[in-house]
Amino acid sequence: MTLLKNYINGQWIASSASEQLLVTNPATAETLAQVPLSPAAEVEQAVQAAAEAFVQWQRVPPTERIQFLFKLKGLLDNGIDDIAQTITLECGKTLKESTGELRRAIENVEVACGIPTLMQGRNLENISRGIDEFMFRQPLGVAAAIAPFNFPAMIPFWFLPYAIACGNTYLVKPSEKVPLTMQKIFALIDQLELPPGVINLVNGGKATVDALLDHPQIRAISFVGSTPVARYIYSRAAASGKRVQCQGGAKNPLIVLPDADMEMTTRIAADSAFGCAGQRCLAASLAITVGAASQTFTEAIAATASSRKVGNGLDPDVQMGPVITAESRQRIEGLIQQGIEDGAKAIVDGRNPKISGSEQGYFVGPTLLGDLEPDSAIANTEIFGPVLGLMAVETIDAAIALVNRSQWGNMACLFTSSGAAARKFRYEAEAGNIGINIGVAAPMAFFPFSGWKDSFLGDLHGQSDHAVEFFTQTKVVVERWPKEWSRRF
Ligand code: NAD
């Protein structure tokens with residue numbers, strides 16, 4: 001069985017890890033590879049390579065640095081089908097979802113190609129008589145990303161292209177559950193002929209992460225994952241003086257008003273709740289209906305949930321794949337059970353689906369739970385599976401109040417045909433990503449991925465100008481050149 005390697009200083013290197021984990025196809029439970037849990041010594045090796053590479057890389061003109069990104073975009077475009085296949089194999093989502101994820105990754109490469117403009121500073125002549133002031137942006141040094149399992153290609157690309165385009169050198173620590181996608185992508189990175197050490201890959205788990213968090217030469221950490229781990233990473237990395245941005249968990253609500261286009265709303269809400277088997281940080285997890293929308297939406301979404309085709313994501317007819325592990329399936333089924341015991345009504349119960357030809361896979365079918373109590377555990381716990389809870393209220397104000405009492409603030413969406421309702425919601429909803437007649441309000445790469453509340457710790461988000469700011473430090477220069485000196489020449 002293949003034991004995956006790390007990519008350090010421009011070379012594939014076998015890990016000396018004493019512990020390995022199995023990488024499993026969640027649709028079949030077949031083992032795909034083994035991933036090493038790299039020890040601190042290998043993090044050290046990668047950091048030293050990145051630190052040495054930084055000395056020259058920061059001096060390479062931005063216009064030259066981005067030539068590597070143009071080349072990477074071409075390689076990713078050409079490799080999209082092959083990499084999408086790998087994402088589906090190890091992560092379970094459908095091929096269409098995997099391809100969509102890769103398009104979002106590539107989009108970040110495209111945006112980072114604008115670094116010669118995006119990285120510019122500003123200046124003002126004559127801040128005082130004969131004195132000018134300039135603000136430059138300079139890279140930080142070595143930075144690292146710690147990624148979750150659910151978007152193995154896209155999420156490291158919220159950071160990596162910006163980091164290196166700004167002149168930093170980089171380390172990626174993928175999720176140990178889905179390390180194969182980065183193996184494929186680093187095979188392309190290997191073809192770029194970048195100076196060795198500019199981009200490195202270190203596989204591993206908690207001990208590997210801890211070594212990154214504590215390393216004095218790593219200047220910035222970008223983390224995406226669950227909120228409890230985000231809190232841990234944020235405080236431990238900050239304790240060693242690093243910049244940190246941590247995107248955490250979510251429990252995303254949709255509000256459905258009675259004037260919404262019910263056919264469109266149902267289709268979009270179902271894609272949001274059940275797409276990627278609900279394992280999206282922007283998956284809808286609660287639908288709050290207002291007034292008469294309760295009956296129409298509940299009937300329509302129940303029909304859509306029951307008819308969704310679940311199976312192996314490699315099958316082009318399949319609309320929803322498995323969840324990531326057997327433990328995940330057990331946790332999700334346990335939460336459904338607890339929800340029912342707490343009074344929720346199982347309108348569609350997706351537990352124990354029979355998937356012909358994939359009997360060993362970790363499947364949970366689309367599940368719809370009605371009559372959720374606002375204080376119940378199921379209404380307040382991130383499920384990260386294909387489960388949509390329903391709550392009914394009588395006014396938009398009551399619905400917005402339910403949205404705003406949440407500890408999370410990753411996304412909130414409204415379905416309506418009223419501009420005034422949309423405007424009110426856009427202004428009042430306490431979430432960083434807002435959808436109006438949109439079910440997955442994922443910001444394009446040229447906007448920041450703006451989580452709020454417990455969905456984000458830090459100040460600068462991933463993607464766009466936020467990423468450029470995160471990966472640079474400002475240098476202000478105040479200059480005086482007395483005019484008398486010019487007479488010397
Ligand atoms: P996770 O927190 O379990 O793991 C994320 C990363 O942290 C992995 O690389 C893992 O190796 C590492 N890690 C896990 N436990 C650790 C520990 N105790 N100490 C140090 N490192 C540790 O998350 P996951 O299950 O891979 O991903 C799902 C979660 O990510 C969900 O909560 C989801 O909402 C969230 N997510 C958020 C966003 C966002 O943009 N806000 C995007 C995607 C996923």
# chains A, B, ... in the order shown; residues from 1 in each chain; ligands from 1
>>> residues_around(residues="Pro152 of chain A", least_positions_apart="3", cutoff="8 Å", atoms="only C-alpha atoms", output="JSON, numbers by chain")
{"A": [87, 91, 147, 148, 149, 155, 156, 174, 175, 178, 179, 181, 182]}
>>> residues_near_ligand(ligand="ligand 1", cutoff="9 Å", atoms="only C-alpha atoms and all ligand atoms", output="MDAnalysis selection string")
chainID A and resid 145:151 155 173:178 203:210 213 223:230 232:233 246:251 279:283 324 382:384 410 449:452 455:456 462
>>> write_last_selection(atoms="C-alpha atoms", output="short mmCIF file (atom, residue, chain, number, x, y, z; two decimals), in the first residue's frame")
data_model
loop_
_atom_site.label_atom_id
_atom_site.label_comp_id
_atom_site.auth_asym_id
_atom_site.auth_seq_id
_atom_site.Cartn_x
_atom_site.Cartn_y
_atom_site.Cartn_z
CA ALA A 145 -2.10 26.54 6.25
CA ILE A 146 -3.89 23.86 8.31
CA ALA A 147 -6.83 22.54 6.30
CA PRO A 148 -10.06 20.60 6.98
CA PHE A 149 -11.34 17.52 5.17
CA ASN A 150 -14.34 18.92 3.34
CA PHE A 151 -12.65 20.93 0.56
CA ILE A 155 -9.35 25.63 1.06
CA LYS A 173 -0.75 20.66 6.24
CA PRO A 174 -3.76 18.94 4.64
CA SER A 175 -6.40 17.06 6.59
CA GLU A 176 -5.13 13.57 7.36
CA LYS A 177 -8.53 12.27 6.19
CA VAL A 178 -8.04 13.56 2.62
CA ASN A 203 1.24 15.49 6.17
CA GLY A 204 0.16 14.81 9.70
CA GLY A 205 -2.21 15.26 12.62
CA LYS A 206 -2.23 17.07 15.95
CA ALA A 207 1.49 16.73 16.75
CA THR A 208 2.38 18.07 13.30
CA VAL A 209 0.02 21.01 13.82
CA ASP A 210 1.46 21.73 17.27
CA LEU A 213 1.99 26.50 15.93
CA PHE A 223 -6.64 27.55 9.79
CA VAL A 224 -9.99 26.25 8.60
CA GLY A 225 -11.87 23.60 10.57
CA SER A 226 -14.15 23.12 13.56
CA THR A 227 -14.66 25.88 16.12
CA PRO A 228 -13.13 24.09 19.14
CA VAL A 229 -9.93 23.40 17.18
CA ALA A 230 -10.03 26.96 15.78
CA TYR A 232 -7.08 26.12 20.27
CA ILE A 233 -5.07 27.08 17.18
CA CYS A 246 -9.11 30.79 11.95
CA GLN A 247 -12.31 29.97 10.09
CA GLY A 248 -14.51 27.74 12.25
CA GLY A 249 -17.77 25.82 12.26
CA ALA A 250 -21.27 26.91 11.38
CA LYS A 251 -25.01 26.36 11.67
CA GLN A 279 -20.46 18.77 4.77
CA ARG A 280 -20.02 22.36 3.66
CA CYS A 281 -19.33 25.16 6.08
CA LEU A 282 -21.97 27.02 4.05
CA ALA A 283 -24.53 24.20 4.12
CA ILE A 324 -16.53 11.27 5.47
CA GLU A 382 -23.29 21.83 14.02
CA ILE A 383 -24.34 18.51 12.47
CA PHE A 384 -22.13 18.61 9.35
CA ASN A 410 -20.90 32.02 8.83
CA PHE A 449 -14.73 34.78 2.98
CA SER A 450 -16.37 36.72 5.77
CA GLY A 451 -17.41 34.49 8.66
CA TRP A 452 -18.54 36.19 11.90
CA SER A 455 -17.37 30.95 12.77
CA PHE A 456 -14.24 33.09 12.66
CA GLY A 462 -9.14 34.25 3.43
#
>>> residues_around(residues="Phe415 of chain A", least_positions_apart="4", cutoff="12 Å", atoms="only C-alpha atoms", output="PyMOL selection string")
chain A and resi 253-269+287-290+293+297+396+419+421-423+425-426+434-439
>>> closest_residue(among="A:Ala153, A:Ala220, A:Ala392, A:Ala344", to="Gln295 of chain A", atoms="only C-alpha atoms")
A:Ala392
>>> select_by_dssp(residues="segment 167-272 of chain A", states="helix (DSSP H, G or I)", output="PyMOL selection string")
chain A and resi 180-192+206-214+227-239+262-272
>>> atom_distance(atom1="atom CA of Pro39 of chain A", atom2="atom CA of Ser16 of chain A")
7.7 Å
>>> atom_distance(atom1="atom CA of Asp271 of chain A", atom2="atom CA of Phe447 of chain A")
22.6 Å
>>> closest_residue(among="A:Leu286, A:Tyr162, A:Glu359, A:Gly334", to="Ala399 of chain A", atoms="only C-alpha atoms")
A:Leu286
>>> closest_residue(among="A:Asp342, A:Glu42, A:Glu125, A:Asp454", to="Gly370 of chain A", atoms="only C-alpha atoms")
A:Asp342
>>> closest_residue(among="A:Leu140, A:Leu102, A:Ala40, A:Ile83", to="Gln217 of chain A", atoms="only C-alpha atoms")
A:Leu140
>>> residues_around(residues="Lys71 of chain A", least_positions_apart="4", cutoff="8 Å", atoms="only C-alpha atoms", output="PyMOL selection string")
chain A and resi 67+75+192
>>> write_last_selection(atoms="C-alpha atoms", output="short mmCIF file (atom, residue, chain, number, x, y, z; two decimals), in the first residue's frame")
data_model
loop_
_atom_site.label_atom_id
_atom_site.label_comp_id
_atom_site.auth_asym_id
_atom_site.auth_seq_id
_atom_site.Cartn_x
_atom_site.Cartn_y
_atom_site.Cartn_z
CA GLN A 67 4.53 33.73 -13.81
CA LEU A 75 -1.64 22.82 -15.11
CA LEU A 192 6.56 24.67 -11.92
#
>>> atom_distance(atom1="atom CA of Glu101 of chain A", atom2="atom CA of Asn6 of chain A")
23.3 Å
>>> closest_residue(among="A:Glu430, A:Gly385, A:Arg405, A:Asn168", to="Gly197 of chain A", atoms="only C-alpha atoms")
A:Asn168
